[in-house]
$ cat coords38.txt   # compact mmCIF, C-alpha atoms and all ligand atoms
# COMPACT_ATOMS: atom_id res chain seq x y z
CA MET A 1 -130.20 13.94 -7.26
CA SER A 2 -129.16 14.63 -10.85
CA PHE A 3 -132.32 16.66 -11.51
CA LEU A 4 -130.81 19.32 -9.25
CA ALA A 5 -127.67 19.58 -11.34
CA SER A 6 -128.82 18.74 -14.88
CA THR A 7 -129.23 22.45 -15.66
CA THR A 8 -128.34 25.61 -13.74
CA HIS A 9 -131.92 26.96 -13.95
CA LEU A 10 -132.99 25.85 -10.47
CA HIS A 11 -129.93 27.45 -8.89
CA ILE A 12 -130.45 30.67 -10.86
CA THR A 13 -134.11 30.77 -9.77
CA THR A 14 -133.11 30.46 -6.11
CA TRP A 15 -130.62 33.33 -6.11
CA VAL A 16 -132.86 35.62 -8.19
CA VAL A 17 -135.69 35.05 -5.68
CA ALA A 18 -133.25 35.60 -2.81
CA LEU A 19 -132.01 38.91 -4.24
CA ILE A 20 -135.59 40.15 -4.74
CA LEU A 21 -136.61 39.24 -1.16
CA PHE A 22 -133.39 40.75 0.15
CA PHE A 23 -133.92 44.10 -1.64
CA ILE A 24 -137.54 44.26 -0.46
CA ALA A 25 -136.43 43.71 3.16
CA ALA A 26 -133.43 46.03 2.82
CA VAL A 27 -135.28 49.08 1.44
CA SER A 28 -138.33 48.73 3.70
CA ALA A 29 -138.48 51.29 6.50
CA LYS A 30 -139.64 48.69 9.03
CA LYS A 31 -138.46 45.17 9.81
CA LEU A 32 -140.17 42.65 7.51
CA THR A 33 -139.92 39.50 9.62
CA GLY A 34 -141.93 37.32 7.22
CA VAL A 35 -139.84 38.31 4.21
CA GLN A 36 -136.64 37.68 6.17
CA MET A 37 -137.84 34.22 7.24
CA ALA A 38 -138.72 33.39 3.61
CA LEU A 39 -135.29 34.65 2.57
CA ARG A 40 -133.61 32.24 4.99
CA GLY A 41 -135.60 29.37 3.50
CA VAL A 42 -134.42 30.38 0.04
CA TYR A 43 -130.79 30.42 1.27
CA ILE A 44 -131.18 26.72 2.03
CA LEU A 45 -132.49 25.99 -1.49
CA MET A 46 -129.65 28.08 -2.92
CA ILE A 47 -127.05 26.11 -0.98
CA ILE A 48 -128.66 22.76 -1.91
CA THR A 49 -128.85 23.61 -5.66
CA GLY A 50 -125.36 25.20 -5.67
CA GLY A 51 -123.95 22.26 -3.70
CA ALA A 52 -125.50 19.80 -6.18
CA LEU A 53 -123.89 21.66 -9.12
CA PHE A 54 -120.59 21.64 -7.27
CA MET A 55 -120.63 17.90 -6.58
CA GLU A 56 -121.75 17.10 -10.11
CA HIS A 57 -119.30 19.25 -12.06
CA ARG A 58 -116.28 20.11 -9.96
CA GLU A 59 -114.16 17.20 -11.09
CA THR A 60 -114.94 17.63 -14.81
CA VAL A 61 -114.21 21.36 -14.65
CA ALA A 62 -110.95 20.71 -12.79
CA LEU A 63 -109.86 18.16 -15.40
CA ALA A 64 -110.56 20.69 -18.15
CA ASN A 65 -108.36 23.25 -16.35
CA ASN A 66 -105.14 21.31 -15.89
CA GLY A 67 -106.40 19.74 -12.69
CA SER A 68 -107.26 23.00 -10.94
CA GLY A 69 -110.79 23.52 -9.66
CA MET A 70 -109.85 26.43 -7.44
CA LEU A 71 -112.11 28.95 -9.19
CA TYR A 72 -114.96 26.50 -8.75
CA ASP A 73 -114.22 26.33 -5.03
CA MET A 74 -114.06 30.13 -4.93
CA LYS A 75 -117.51 30.30 -6.54
CA VAL A 76 -118.97 28.40 -3.59
CA LEU A 77 -117.04 30.52 -1.08
CA PHE A 78 -118.21 33.79 -2.66
CA GLY A 79 -121.80 32.52 -2.95
CA ILE A 80 -121.76 31.91 0.81
CA LEU A 81 -120.18 35.33 1.40
CA VAL A 82 -123.07 36.96 -0.51
CA ILE A 83 -125.48 35.26 1.91
CA GLY A 84 -123.34 36.49 4.81
CA PHE A 85 -123.46 40.11 3.64
CA MET A 86 -127.21 39.98 3.03
CA GLU A 87 -127.70 38.79 6.61
CA MET A 88 -125.25 41.39 7.93
CA ILE A 89 -126.99 44.26 6.12
CA LEU A 90 -130.45 43.23 7.33
CA ALA A 91 -129.30 42.66 10.92
CA ARG A 92 -127.50 46.03 11.11
CA LYS A 93 -130.34 47.87 9.39
CA ASN A 94 -132.85 46.41 11.87
CA LYS A 95 -130.68 47.60 14.76
CA GLY A 96 -130.37 51.06 13.21
CA LYS A 97 -126.60 50.73 12.69
CA SER A 98 -124.82 52.08 9.62
CA VAL A 99 -124.73 49.74 6.62
CA ASN A 100 -122.89 51.75 3.94
CA ILE A 101 -119.63 49.80 3.97
CA PHE A 102 -121.56 46.52 3.95
CA TRP A 103 -123.45 47.59 0.82
CA ILE A 104 -120.14 48.16 -0.93
CA LEU A 105 -118.75 44.79 0.18
CA PHE A 106 -122.04 43.12 -0.77
CA ALA A 107 -121.86 44.63 -4.29
CA ILE A 108 -118.25 43.47 -4.73
CA VAL A 109 -118.83 39.87 -3.59
CA LEU A 110 -122.04 39.69 -5.65
CA LEU A 111 -120.20 40.80 -8.81
CA VAL A 112 -117.37 38.34 -8.15
CA THR A 113 -119.91 35.54 -7.57
CA LEU A 114 -121.74 36.35 -10.80
CA TYR A 115 -118.46 36.45 -12.70
CA LEU A 116 -117.24 33.13 -11.26
CA GLY A 117 -120.64 31.51 -11.90
CA LEU A 118 -120.93 32.79 -15.45
CA SER A 119 -117.40 31.67 -16.31
CA GLY A 120 -117.64 28.32 -14.51
CA GLY A 121 -117.87 26.17 -17.63
CA ILE A 122 -121.43 24.84 -17.30
CA GLY A 123 -124.79 26.51 -17.95
CA PHE A 124 -124.44 30.08 -19.23
CA ASN A 125 -120.90 31.16 -20.00
CA LEU A 126 -120.71 34.87 -20.61
CA PHE A 127 -117.06 35.36 -19.70
C1 LIG B 1 -126.49 35.11 -4.04
C2 LIG B 1 -125.65 34.11 -4.11
C3 LIG B 1 -125.31 33.42 -5.43
C4 LIG B 1 -125.30 33.94 -6.71
C5 LIG B 1 -125.60 35.36 -7.18
C6 LIG B 1 -124.93 32.84 -7.60
C7 LIG B 1 -124.80 32.98 -8.97
C8 LIG B 1 -124.50 31.93 -9.83
C9 LIG B 1 -124.41 32.04 -11.27
C10 LIG B 1 -124.64 33.30 -12.09
C11 LIG B 1 -124.08 30.81 -11.75
C12 LIG B 1 -123.86 30.41 -13.21
C13 LIG B 1 -125.08 29.74 -13.78
C14 LIG B 1 -124.82 29.31 -15.21
O1 LIG B 1 -123.69 29.38 -15.69
O2 LIG B 1 -125.80 28.91 -15.88
C15 LIG B 1 -123.90 29.94 -10.60
C16 LIG B 1 -123.49 28.64 -10.68
C17 LIG B 1 -123.05 27.92 -9.59
N1 LIG B 1 -123.24 28.23 -8.26
FE1 LIG B 1 -124.03 29.92 -7.56
N2 LIG B 1 -124.71 31.71 -6.84
C18 LIG B 1 -124.92 32.03 -5.51
C19 LIG B 1 -124.79 31.18 -4.43
C20 LIG B 1 -124.20 29.95 -4.48
C21 LIG B 1 -123.93 29.09 -3.35
C22 LIG B 1 -124.32 29.43 -1.91
C23 LIG B 1 -123.29 27.98 -3.83
C24 LIG B 1 -122.77 26.77 -3.10
C25 LIG B 1 -123.30 26.23 -2.07
C26 LIG B 1 -123.17 28.11 -5.26
C27 LIG B 1 -122.58 27.19 -6.11
C28 LIG B 1 -122.61 27.26 -7.50
C29 LIG B 1 -121.99 26.29 -8.40
C30 LIG B 1 -121.16 25.09 -7.98
C31 LIG B 1 -122.27 26.71 -9.70
C32 LIG B 1 -121.80 26.07 -11.04
C33 LIG B 1 -120.71 26.95 -11.62
C34 LIG B 1 -120.58 26.83 -13.12
O3 LIG B 1 -119.96 25.88 -13.58
O4 LIG B 1 -121.11 27.68 -13.86
N3 LIG B 1 -123.74 29.32 -5.62
N4 LIG B 1 -124.21 30.63 -9.44
$ encode --input "coords38.txt" --output "structure tokens"
Amino acid sequence: MSFLASTTHLHITTWVVALILFFIAAVSAKKLTGVQMALRGVYILMIITGGALFMEHRETVALANNGSGMLYDMKVLFGILVIGFMEMILARKNKGKSVNIFWILFAIVLLVTLYLGLSGGIGFNLF
């Protein structure tokens, strides 16, 4: 499965598509069932591509950091939390419940995920 982890482009594509679908569903006045179903499909691709990167590179990154791969593990955890908050926002919005606090938490976990990804040691390294 090395084609999944040879570059980070596939993974980046999946989360960019997911964010676009999520924002479309989140700002729409009505429930967009089709978009939300497509979004769930993209979550799976995101987890598969992220999981492939994790399995391929975790050990190397840990060795380069005095044996600690904790930030790499946190990247996966935060990536999954982003998915959780997207689902939470859409579910609450569809029920007409307030979503303000979830938008703030979503923004924080998204920023942390981007930071951890872009400082992870492979692909793009901005930090
Ligand atoms: C919306 C959710 C997510 C966002 C915004 C995101 C963002 C990113 C970014 C910006 C990178 C760096 C790419 C590069 O350096 O070229 C990355 C890499 C990575 N992602 Fe995600 N990701 C998300 C979800 C996930 C999930 C669900 C997983 C695990 C199942 C995951 C696992 C990984 C791994 C292991 C890497 C490699 C880290 C590195 O060394 O740079 N991500 N992700």
$ residues_near_ligand --input "coords38.txt" --ligand "ligand LIG 1 (chain B)" --cutoff "7 Å" --atoms "all atoms listed in the file" --output "JSON, numbers by chain"
{"A": [8, 9, 11, 12, 15, 18, 19, 46, 47, 48, 50, 51, 53, 54, 57, 72, 75, 76, 79, 80, 82, 83, 110, 113, 114, 115, 117, 118, 119, 120, 121, 122, 123, 124, 125]}
$ write_last_selection --input "coords38.txt" --atoms "C-alpha atoms" --output "compact mmCIF listing (two decimals), keeping the file's coordinate frame"
# COMPACT_ATOMS: atom_id res chain seq x y z
CA THR A 8 -128.34 25.61 -13.74
CA HIS A 9 -131.92 26.96 -13.95
CA HIS A 11 -129.93 27.45 -8.89
CA ILE A 12 -130.45 30.67 -10.86
CA TRP A 15 -130.62 33.33 -6.11
CA ALA A 18 -133.25 35.60 -2.81
CA LEU A 19 -132.01 38.91 -4.24
CA MET A 46 -129.65 28.08 -2.92
CA ILE A 47 -127.05 26.11 -0.98
CA ILE A 48 -128.66 22.76 -1.91
CA GLY A 50 -125.36 25.20 -5.67
CA GLY A 51 -123.95 22.26 -3.70
CA LEU A 53 -123.89 21.66 -9.12
CA PHE A 54 -120.59 21.64 -7.27
CA HIS A 57 -119.30 19.25 -12.06
CA TYR A 72 -114.96 26.50 -8.75
CA LYS A 75 -117.51 30.30 -6.54
CA VAL A 76 -118.97 28.40 -3.59
CA GLY A 79 -121.80 32.52 -2.95
CA ILE A 80 -121.76 31.91 0.81
CA VAL A 82 -123.07 36.96 -0.51
CA ILE A 83 -125.48 35.26 1.91
CA LEU A 110 -122.04 39.69 -5.65
CA THR A 113 -119.91 35.54 -7.57
CA LEU A 114 -121.74 36.35 -10.80
CA TYR A 115 -118.46 36.45 -12.70
CA GLY A 117 -120.64 31.51 -11.90
CA LEU A 118 -120.93 32.79 -15.45
CA SER A 119 -117.40 31.67 -16.31
CA GLY A 120 -117.64 28.32 -14.51
CA GLY A 121 -117.87 26.17 -17.63
CA ILE A 122 -121.43 24.84 -17.30
CA GLY A 123 -124.79 26.51 -17.95
CA PHE A 124 -124.44 30.08 -19.23
CA ASN A 125 -120.90 31.16 -20.00
$ residues_around --input "coords38.txt" --residues "Glu59 (chain A)" --least-positions-apart "5" --cutoff "10 Å" --atoms "only C-alpha atoms" --output "PyMOL selection string"
chain A and resi 54+64-65+67-69+72
$ closest_atom_pairs --input "coords38.txt" --of "region 18-87 of chain A" --to "region 97-102 of chain A" --cutoff "12 Å" --atoms "only C-alpha atoms" --output "tab-separated table"
residue	atom	partner	partner_atom	distance
A:Ala26	CA	A:Val99	CA	10.2
A:Val27	CA	A:Val99	CA	11.8
A:Leu81	CA	A:Phe102	CA	11.6
A:Val82	CA	A:Phe102	CA	10.7
A:Gly84	CA	A:Phe102	CA	10.2
A:Phe85	CA	A:Phe102	CA	6.7
A:Met86	CA	A:Phe102	CA	8.7
A:Glu87	CA	A:Phe102	CA	10.2
$ atom_distance --input "coords38.txt" --atom1 "CA of Lys31 (chain A)" --atom2 "CA of Leu111 (chain A)"
26.4 Å
$ closest_residue --input "coords38.txt" --among "A:Met70, A:Ile108, A:Leu63, A:Ala38" --to "Ile20 (chain A)" --atoms "only C-alpha atoms"
A:Ala38
$ atom_distance --input "coords38.txt" --atom1 "CA of Gln36 (chain A)" --atom2 "CA of Val17 (chain A)"
12.2 Å
$ atom_distance --input "coords38.txt" --atom1 "CA of Lys30 (chain A)" --atom2 "CA of Leu45 (chain A)"
26.0 Å
$ closest_residue --input "coords38.txt" --among "A:Phe3, A:Phe127, A:Phe106, A:Phe78" --to "Phe22 (chain A)" --atoms "only C-alpha atoms"
A:Phe106
$ axis_aligned_box --input "coords38.txt" --around "region 74-77 of chain A" --padding-each-side "4 Å" --output "JSON"
{"center_x": -116.5, "center_y": 29.5, "center_z": -3.8, "size_x": 12.9, "size_y": 10.1, "size_z": 13.5}
$ closest_residue --input "coords38.txt" --among "A:Ala107, A:Leu90, A:Val112, A:Ala62" --to "Leu77 (chain A)" --atoms "all atoms listed in the file"
A:Val112
$ closest_residue --input "coords38.txt" --among "A:Ala52, A:Leu32, A:Leu21, A:Val42" --to "Thr7 (chain A)" --atoms "all atoms listed in the file"
A:Ala52
$ closest_residue --input "coords38.txt" --among "A:Arg40, A:Arg92, A:Met74, A:Met55" --to "Val109 (chain A)" --atoms "all atoms listed in the file"
A:Met74
$ closest_residue --input "coords38.txt" --among "A:Leu71, A:Thr14, A:Ala91, A:Leu126" --to "Thr33 (chain A)" --atoms "all atoms listed in the file"
A:Ala91
